[in-house]
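Printed here is work09.tsv (TSV, C-alpha atoms):
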chain	number	residue	atom	x	y	z
V	1	MET	CA	90.05	113.24	55.35
V	2	LYS	CA	89.37	112.96	59.08
V	3	SER	CA	85.86	113.92	60.11
V	4	ASP	CA	86.66	115.33	63.55
V	5	ARG	CA	86.15	119.03	63.87
V	6	ARG	CA	89.07	121.39	64.42
V	7	ALA	CA	87.43	124.82	64.38
V	8	LYS	CA	86.45	125.82	67.94
V	9	MET	CA	83.72	128.30	67.02
V	10	ILE	CA	82.08	129.23	63.72
V	11	PHE	CA	80.22	132.49	63.12
V	12	SER	CA	78.10	133.13	60.06
V	13	VAL	CA	76.95	136.62	59.10
V	14	GLY	CA	73.81	136.79	57.00
V	15	GLY	CA	70.82	138.95	56.21
V	16	GLY	CA	67.88	139.08	53.88
V	17	LYS	CA	69.07	142.16	52.02
V	18	GLY	CA	72.31	143.33	50.43
V	19	GLY	CA	74.02	146.55	51.47
V	20	VAL	CA	73.31	146.26	55.21
V	21	GLY	CA	76.98	146.00	56.24
V	22	LYS	CA	77.50	142.23	56.51
V	23	SER	CA	80.89	142.21	54.82
V	24	ILE	CA	82.32	145.12	56.77
V	25	PHE	CA	81.10	143.64	60.05
V	26	SER	CA	82.61	140.27	59.10
V	27	ILE	CA	85.98	141.94	58.60
V	28	ALA	CA	85.70	144.10	61.71
V	29	SER	CA	84.74	141.19	63.97
V	30	SER	CA	87.58	139.08	62.52
V	31	LEU	CA	90.06	141.87	63.22
V	32	ILE	CA	88.81	142.20	66.81
V	33	LEU	CA	89.21	138.46	67.44
V	34	ALA	CA	92.65	138.34	65.80
V	35	LYS	CA	93.90	141.34	67.75
V	36	GLY	CA	92.83	139.54	70.92
V	37	GLY	CA	95.37	136.81	70.11
V	38	SER	CA	93.05	134.19	68.63
V	39	SER	CA	93.66	132.51	65.30
V	40	VAL	CA	90.93	133.53	62.88
V	41	ILE	CA	89.92	132.52	59.36
V	42	LEU	CA	87.59	134.82	57.43
V	43	ILE	CA	85.72	133.17	54.54
V	44	ASP	CA	83.91	134.93	51.71
V	45	LEU	CA	80.93	132.70	50.89
V	46	ASP	CA	79.04	135.32	48.91
V	47	LEU	CA	79.72	133.07	45.94
V	48	GLY	CA	77.78	135.17	43.45
V	49	ALA	CA	79.32	138.54	44.30
V	50	ALA	CA	82.41	138.06	46.45
V	51	ASN	CA	84.12	141.30	47.48
V	52	LEU	CA	85.88	140.79	50.82
V	53	HIS	CA	89.28	140.66	49.12
V	54	THR	CA	88.92	144.28	47.99
V	55	TYR	CA	87.80	145.42	51.45
V	56	LEU	CA	90.87	143.74	52.90
V	57	GLY	CA	93.16	145.50	50.46
V	58	ILE	CA	94.00	142.25	48.66
V	59	LEU	CA	93.98	143.30	45.02
V	60	GLY	CA	96.31	140.75	43.43
V	61	LYS	CA	95.28	137.32	42.21
V	62	THR	CA	94.86	134.75	45.00
V	63	PRO	CA	93.51	131.20	45.25
V	64	THR	CA	89.71	131.15	45.58
V	65	ILE	CA	86.93	128.74	46.45
V	66	ALA	CA	86.52	128.23	42.70
V	67	ASP	CA	89.83	126.32	42.80
V	68	PHE	CA	88.33	124.00	45.41
V	69	ILE	CA	85.09	123.51	43.48
V	70	LEU	CA	87.06	122.76	40.30
V	71	LYS	CA	89.29	120.30	42.27
V	72	LYS	CA	92.47	122.26	41.61
V	73	VAL	CA	93.16	121.94	45.35
V	74	SER	CA	92.11	119.15	47.69
V	75	SER	CA	91.33	121.21	50.79
V	76	LEU	CA	90.10	124.66	51.77
V	77	GLU	CA	93.23	124.90	53.86
V	78	ASN	CA	95.18	125.17	50.60
V	79	LEU	CA	93.34	128.43	49.85
V	80	LEU	CA	94.41	130.33	52.98
V	81	VAL	CA	95.80	133.78	52.23
V	82	GLU	CA	97.64	136.00	54.70
V	83	THR	CA	96.18	139.42	55.52
V	84	SER	CA	97.74	142.57	56.94
V	85	GLN	CA	96.59	141.54	60.42
V	86	ARG	CA	98.55	138.98	62.40
V	87	ASN	CA	96.52	135.85	63.28
V	88	LEU	CA	93.99	136.56	60.52
V	89	MET	CA	93.86	134.38	57.41
V	90	PHE	CA	91.43	134.70	54.52
V	91	ILE	CA	89.70	132.46	51.98
V	92	SER	CA	88.46	134.31	48.92
V	93	GLY	CA	85.39	133.58	46.86
V	94	ALA	CA	86.42	136.12	44.25
V	95	GLU	CA	86.79	134.17	41.01
V	96	PHE	CA	83.40	133.57	39.42
V	97	ILE	CA	82.54	130.38	37.53
V	98	PRO	CA	79.13	129.47	36.04
V	99	GLY	CA	76.86	127.96	38.68
V	100	MET	CA	79.14	128.97	41.55
V	101	ALA	CA	76.40	130.92	43.34
V	102	ASN	CA	74.30	127.72	43.47
V	103	PRO	CA	76.71	124.81	43.90
V	104	ALA	CA	75.48	121.25	43.60
V	105	TYR	CA	74.34	119.64	46.85
V	106	TRP	CA	77.39	117.39	47.15
V	107	ILE	CA	79.73	120.35	46.59
V	108	LYS	CA	77.92	122.32	49.29
V	109	LEU	CA	78.30	119.42	51.74
V	110	LYS	CA	81.98	119.14	50.88
V	111	ILE	CA	82.53	122.87	51.50
V	112	MET	CA	80.75	122.69	54.85
V	113	LYS	CA	82.76	119.68	56.01
V	114	HIS	CA	86.03	121.34	55.02
V	115	ILE	CA	85.09	124.58	56.80
V	116	LYS	CA	84.73	122.65	60.04
V	117	GLN	CA	88.17	121.14	59.44
V	118	LEU	CA	89.98	124.48	59.18
V	119	PRO	CA	92.63	125.04	61.90
V	120	ALA	CA	91.46	128.15	63.74
V	121	ASP	CA	90.03	129.31	67.04
V	122	PHE	CA	87.36	131.24	65.16
V	123	ILE	CA	85.93	131.06	61.66
V	124	VAL	CA	83.86	133.99	60.39
V	125	ILE	CA	81.74	133.35	57.29
V	126	ASP	CA	80.40	136.24	55.23
V	127	LEU	CA	77.29	135.02	53.39
V	128	GLY	CA	75.47	136.29	50.35
V	129	ALA	CA	72.19	138.17	50.68
V	130	GLY	CA	68.80	136.55	50.27
V	131	VAL	CA	67.05	133.43	51.49
V	132	HIS	CA	68.31	130.87	49.00
V	133	PHE	CA	68.67	127.39	50.47
V	134	ASN	CA	72.43	127.39	49.90
V	135	VAL	CA	72.81	130.59	51.94
V	136	LEU	CA	70.58	129.22	54.69
V	137	ASP	CA	72.49	125.94	54.80
V	138	PHE	CA	75.82	127.72	55.19
V	139	PHE	CA	74.19	129.84	57.91
V	140	GLY	CA	73.05	126.66	59.63
V	141	ILE	CA	76.53	125.18	60.14
V	142	SER	CA	77.56	127.97	62.51
V	143	ASP	CA	77.69	127.93	66.29
V	144	LYS	CA	76.55	131.55	66.27
V	145	GLY	CA	74.33	132.81	63.48
V	146	ILE	CA	74.33	136.59	63.12
V	147	ILE	CA	71.67	138.61	61.28
V	148	MET	CA	72.59	142.09	60.08
V	149	THR	CA	70.02	144.72	59.19
V	150	VAL	CA	69.55	148.50	59.09
V	151	PRO	CA	66.75	150.67	60.54
V	152	GLU	CA	64.60	150.60	57.40
V	153	PRO	CA	61.24	148.78	57.12
V	154	GLY	CA	62.19	146.83	53.99
V	155	ALA	CA	65.51	145.66	55.40
V	156	VAL	CA	63.95	144.59	58.70
V	157	MET	CA	61.24	142.58	56.94
V	158	ASN	CA	63.91	140.93	54.79
V	159	ALA	CA	65.73	140.00	58.00
V	160	TYR	CA	62.50	138.42	59.26
V	161	SER	CA	62.20	136.42	56.03
V	162	PHE	CA	65.79	135.24	56.48
V	163	LEU	CA	65.08	134.10	60.05
V	164	LYS	CA	61.95	132.26	58.95
V	165	GLY	CA	63.90	130.57	56.15
V	166	ALA	CA	66.72	129.60	58.52
V	167	LEU	CA	64.24	128.02	60.93
V	168	PHE	CA	62.60	126.15	58.06
V	169	ARG	CA	65.92	124.70	56.88
V	170	LYS	CA	66.80	123.74	60.46
V	171	LEU	CA	63.60	121.75	60.82
V	172	GLN	CA	63.99	120.28	57.36
V	173	GLY	CA	67.50	119.08	58.22
V	174	VAL	CA	66.39	117.45	61.49
V	175	PHE	CA	63.26	115.73	60.18
V	176	ARG	CA	64.30	114.97	56.60
V	177	ASN	CA	64.35	111.19	57.21
V	178	HIS	CA	61.18	110.99	59.29
V	179	PRO	CA	58.55	109.08	57.25
V	180	ASP	CA	55.66	111.41	58.19
V	181	ILE	CA	57.23	114.77	59.02
V	182	GLY	CA	59.85	114.83	56.25
V	183	PRO	CA	57.33	114.71	53.37
V	184	MET	CA	55.18	117.34	55.11
V	185	ILE	CA	58.10	119.78	55.19
V	186	ASP	CA	59.05	118.99	51.59
V	187	SER	CA	55.49	119.69	50.52
V	188	GLU	CA	55.56	123.05	52.30
V	189	ALA	CA	58.84	123.92	50.57
V	190	LYS	CA	57.25	123.51	47.14
V	191	LYS	CA	54.36	125.89	47.80
V	192	THR	CA	54.45	129.15	45.85
V	193	ASP	CA	51.18	130.71	46.99
V	194	GLU	CA	51.24	133.54	49.47
V	195	GLY	CA	49.61	133.12	52.86
V	196	GLU	CA	50.54	132.82	56.48
V	197	GLY	CA	53.51	130.70	55.46
V	198	PHE	CA	55.67	128.40	57.50
V	199	SER	CA	55.89	128.95	61.26
V	200	LEU	CA	56.89	126.91	64.28
V	201	GLU	CA	53.34	127.14	65.64
V	202	TRP	CA	51.91	125.73	62.40
V	203	PHE	CA	54.54	123.02	62.33
V	204	SER	CA	54.02	122.10	65.99
V	205	GLU	CA	50.28	121.61	65.47
V	206	LYS	CA	50.91	119.37	62.48
V	207	VAL	CA	53.42	117.26	64.43
V	208	LYS	CA	51.08	116.94	67.42
V	209	ILE	CA	48.61	115.26	65.10
V	210	SER	CA	50.86	113.17	62.85
V	211	ALA	CA	53.74	112.28	65.20
V	212	PRO	CA	53.08	113.45	68.78
V	213	ASP	CA	56.09	111.56	70.16
V	214	MET	CA	58.34	113.90	68.14
V	215	PHE	CA	57.03	117.07	69.77
V	216	PRO	CA	59.82	117.23	72.42
V	217	ILE	CA	62.34	117.68	69.57
V	218	ILE	CA	60.50	120.81	68.43
V	219	GLU	CA	60.60	122.17	71.96
V	220	GLU	CA	64.37	121.59	72.05
V	221	ILE	CA	64.85	123.38	68.73
V	222	GLU	CA	62.77	126.26	70.03
V	223	LYS	CA	65.13	126.61	73.00
V	224	THR	CA	68.41	126.23	71.09
V	225	PHE	CA	67.72	128.08	67.83
V	226	CYS	CA	68.59	131.62	68.88
V	227	PRO	CA	70.22	133.78	66.18
V	228	SER	CA	71.84	137.08	67.13
V	229	LEU	CA	70.62	140.37	65.68
V	230	ILE	CA	72.77	143.43	64.95
V	231	LEU	CA	71.45	146.77	63.77
V	232	ASN	CA	73.83	148.77	61.60
V	233	ARG	CA	73.97	152.53	61.08
V	234	LEU	CA	72.42	153.57	64.37
V	235	SER	CA	74.06	155.47	67.20
V	236	GLU	CA	75.46	153.28	69.94
V	237	GLY	CA	73.10	152.65	72.83
V	238	GLN	CA	70.00	153.71	70.91
V	239	GLU	CA	67.05	151.42	70.36
V	240	HIS	CA	64.79	151.37	67.34
V	241	ILE	CA	61.13	150.46	67.24
V	242	LEU	CA	61.67	148.33	64.12
V	243	VAL	CA	64.09	146.09	66.03
V	244	ARG	CA	61.63	145.64	68.89
V	245	ASN	CA	58.95	144.83	66.35
V	246	LEU	CA	61.22	142.26	64.66
V	247	VAL	CA	62.10	140.52	67.93
V	248	ASN	CA	58.43	140.43	68.96
V	249	LEU	CA	57.38	139.20	65.52
V	250	CYS	CA	59.84	136.30	65.74
V	251	ILE	CA	58.43	135.31	69.13
V	252	GLU	CA	54.78	135.63	68.12
V	253	LYS	CA	54.90	134.25	64.57
V	254	LEU	CA	57.91	131.94	64.52
V	255	GLY	CA	58.08	130.95	68.17
V	256	ILE	CA	61.82	131.65	68.36
V	257	ALA	CA	63.93	133.99	70.50
V	258	VAL	CA	66.25	136.38	68.68
V	259	GLU	CA	68.99	137.95	70.79
V	260	TYR	CA	69.57	141.62	70.01
V	261	VAL	CA	73.30	141.98	70.72
V	262	GLY	CA	73.87	145.63	69.81
V	263	ASN	CA	74.10	148.25	67.13
V	264	ILE	CA	76.88	149.84	65.11
V	265	PRO	CA	77.04	153.60	64.51
V	266	ASP	CA	76.85	155.12	61.05
V	267	VAL	CA	80.46	156.26	60.63
V	268	ARG	CA	80.53	157.82	57.16
V	269	GLU	CA	84.31	158.09	57.10
V	270	ILE	CA	84.56	154.35	56.55
V	271	THR	CA	83.68	154.94	52.89
V	272	TYR	CA	87.20	156.33	52.40
V	273	TYR	CA	88.69	152.99	53.50
V	274	LEU	CA	86.69	150.51	51.46
V	275	LEU	CA	89.89	149.33	49.79
V	276	ASN	CA	91.52	148.72	53.17
V	277	ILE	CA	89.11	148.30	56.09
V	278	PRO	CA	91.90	147.13	58.47
V	279	LYS	CA	93.57	150.52	58.06
V	280	PHE	CA	90.39	152.19	59.29
V	281	TYR	CA	90.96	150.56	62.68
V	282	PHE	CA	93.80	152.99	63.42
V	283	THR	CA	91.89	156.19	62.68
V	284	ARG	CA	90.07	158.35	65.22
V	285	GLU	CA	86.72	157.74	63.54
V	286	GLY	CA	87.48	154.04	63.31
V	287	GLN	CA	87.81	153.76	67.07
V	288	GLN	CA	84.13	154.60	67.52
V	289	PHE	CA	83.17	151.96	64.98
V	290	PHE	CA	85.45	149.22	66.28
V	291	THR	CA	84.55	149.91	69.92
V	292	ALA	CA	80.94	149.12	69.06
V	293	VAL	CA	82.00	145.90	67.30
V	294	GLN	CA	84.18	144.94	70.30
V	295	LYS	CA	81.19	145.23	72.65
V	296	ILE	CA	79.13	143.02	70.36
V	297	MET	CA	81.86	140.38	70.16
V	298	ASP	CA	82.23	140.42	73.94
V	299	ARG	CA	78.58	139.42	74.13
V	300	LEU	CA	78.87	136.77	71.44
V	301	VAL	CA	82.03	135.04	72.65
V	302	LYS	CA	81.78	133.38	76.02
V	303	PRO	CA	84.86	131.51	77.34
V	304	THR	CA	82.73	128.64	78.68
V	305	GLU	CA	81.40	127.94	75.18
V	306	ILE	CA	84.89	127.82	73.70
V	307	LYS	CA	86.07	125.47	76.42
V	308	SER	CA	83.19	123.07	75.72
V	309	GLN	CA	84.59	122.43	72.24
V	310	GLU	CA	87.91	121.13	73.55
V	311	SER	CA	87.02	117.64	74.81
V	312	ARG	CA	88.14	114.51	73.00
V	313	THR	CA	84.54	113.64	72.16
V	314	LYS	CA	83.62	114.68	68.64
V	315	VAL	CA	81.23	117.56	68.12
V	316	ASP	CA	80.75	117.03	64.40
V	317	PHE	CA	80.02	113.90	62.38
V	318	THR	CA	79.85	112.88	58.74
V	319	ASP	CA	76.54	111.64	57.30
V	320	GLU	CA	77.97	108.11	57.37
V	321	GLU	CA	78.88	108.42	61.07
V	322	VAL	CA	75.43	109.80	61.92
V	323	LYS	CA	73.84	106.78	60.23
V	324	GLU	CA	76.26	104.43	62.00
V	325	ILE	CA	75.40	105.86	65.43
V	326	ILE	CA	71.68	105.78	64.66
V	327	ASP	CA	72.09	102.10	63.75
V	328	ILE	CA	73.78	101.55	67.14
V	329	ILE	CA	70.85	103.23	68.90
V	330	GLN	CA	68.42	101.04	66.96
V	331	THR	CA	70.12	97.83	68.12
V	332	LEU	CA	69.97	98.68	71.83
V	333	ASP	CA	67.46	96.93	74.06
V	334	ASP	CA	64.24	98.80	74.92
V	335	SER	CA	65.22	98.78	78.60
V	336	PHE	CA	68.19	101.03	77.73
V	337	PHE	CA	65.74	103.83	76.97
V	338	SER	CA	63.72	103.48	80.15
V	339	GLY	CA	62.16	106.85	80.92
V	340	THR	CA	62.98	108.28	77.50
V	341	ASN	CA	62.33	107.67	73.78
V	342	ARG	CA	64.58	105.84	71.32
V	343	ASP	CA	63.32	107.77	68.27
V	344	LEU	CA	63.96	111.13	69.94
V	345	TRP	CA	67.62	110.22	70.48
V	346	LYS	CA	67.92	109.14	66.85
V	347	LEU	CA	66.60	112.50	65.66
V	348	ARG	CA	68.84	114.42	68.05
V	349	MET	CA	71.83	113.11	66.07
V	350	TYR	CA	70.89	115.61	63.36
V	351	PHE	CA	71.10	118.72	65.52
V	352	LYS	CA	72.55	117.87	68.97
V	353	PRO	CA	74.94	114.97	68.33
V	354	LEU	CA	77.18	115.70	71.31
V	355	GLN	CA	74.19	115.35	73.64
V	356	VAL	CA	73.45	111.94	72.11
V	357	ILE	CA	77.05	110.78	72.44
V	358	ASN	CA	77.20	111.87	76.09
V	359	PHE	CA	73.90	110.05	76.76
V	360	LEU	CA	75.25	106.83	75.25
V	361	ILE	CA	78.60	107.10	77.04
V	362	ASP	CA	76.91	107.82	80.39
V	363	ARG	CA	74.93	104.59	79.97
V	364	GLY	CA	78.00	102.52	79.19
V	365	ILE	CA	78.02	102.52	75.37
V	366	LYS	CA	81.39	103.19	73.72
V	367	HIS	CA	82.32	103.22	70.05
V	368	LYS	CA	85.31	104.43	68.04
V	369	SER	CA	83.13	106.87	66.07
V	370	PHE	CA	82.39	108.82	69.29
V	371	TYR	CA	85.94	110.10	69.72
V	372	ILE	CA	88.53	112.25	67.97
Can the structure from this file be put into structure tokens for me?
Amino acid sequence: MKSDRRAKMIFSVGGGKGGVGKSIFSIASSLILAKGGSSVILIDLDLGAANLHTYLGILGKTPTIADFILKKVSSLENLLVETSQRNLMFISGAEFIPGMANPAYWIKLKIMKHIKQLPADFIVIDLGAGVHFNVLDFFGISDKGIIMTVPEPGAVMNAYSFLKGALFRKLQGVFRNHPDIGPMIDSEAKKTDEGEGFSLEWFSEKVKISAPDMFPIIEEIEKTFCPSLILNRLSEGQEHILVRNLVNLCIEKLGIAVEYVGNIPDVREITYYLLNIPKFYFTREGQQFFTAVQKIMDRLVKPTEIKSQESRTKVDFTDEEVKEIIDIIQTLDDSFFSGTNRDLWKLRMYFKPLQVINFLIDRGIKHKSFYI
């Protein structure tokens, strides 16, 4: 299978708590994008309790991700199911098999690689609830990570836990091969005692001591890791003190910026359409709901970001290609990195590969693995 990415933009919709509206928002945002003329694929990755097929009005038996895990099909593309909306295709996670909620690491990697290969302008991934590593890893493959919550203290704190976990997995993925920092993160992951817990401030102080030359990478992650927050079941235009507290808590405790992109009103009539959410779009009550979703998607989708995905330079790489490019960096003369740091560029391959490729190309290095 080719490793070059085909999907132009991937959204993932997560949250620390079930019942906050993730699945319905995933469908609504997919409908909005499809109605705008874009090709969209909606994926149900709530592997333990998949239910998007019922919300879409798809009640008959369809192919599911279980078929991919069991090797009955060779590609996720073989699982695409048509929906009632033009331009919108669907991949179901409906059929349960033992262990499906926690797939083996190699299966998870295979799913993530195939998601990036899907032929669509937009991919919307509906994730399961909680802060399990599998959920966080699927959240981490997106271009835009979206956190859903409701104006309740417990739900907001669960959203904070999800954001902390997502940051942790991001750092773990970047520094996993660093001889000093990698073991430190792994040790933190195994702790079960309660305390202040993992934070970017704590991590930064540790890195300043053990590997100070790596600190610029943390600063870059701080600038680029910016999930989007949506509050469900609140009148449009209103603010809620719990949201302000959550955003401030993320800045103060985690050192990350969370973008609050809007809220969705509590439209009770939607409960009558839970077996066909697309049909709700055409009702009077549905217009209020979908107008709010449209405003959120207008903030999340920026034409300049879509255009940046369309060059012939790859934006996604297999683990083997990452290692190959790191080996290329290692062989370059020290003078090539005048004014910068070789090890920083090697680490950037794990979270900003396109930046690394552009750096190498700008300085005259070309290789077949750089291009589609």
What's the 6 Å shell around segment 137-146 of chain V, counting all atoms listed in the file, without same-chain residues fewer than 3 positions away, as a PyMOL selection string? chain V and resi 10-13+133-134+227-229
Quick one: pull the distance between atom CA of Leu171 of chain V and atom CA of Met184 of chain V, Å, one decimal.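 Pair atom CA of Leu171 of chain V / atom CA of Met184 of chain V returns 11.1 Å.
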Which is closest to Ser29 of chain V among V:Ile329, V:Ile107, V:Ile125, V:Phe370, if we use all atoms listed in the file? V:Ile125
Residue among V:Met157, V:Leu45, V:Val258, V:Ile325 lying closest to Asn102 of chain V, counting all atoms listed in the file: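 Ranking V:Met157, V:Leu45, V:Val258, V:Ile325 by distance to Asn102 of chain V, first place goes to V:Leu45.
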Using only C-alpha atoms, which protein or nucleic acid residues come within 7 Å of segment 279-295 of chain V? Drop anything in the same chain fewer than 4 positions from it, and give the result as JSON, numbers by chain. {"V": [28, 29, 32, 236, 264, 265, 267, 269, 270, 273, 299]}
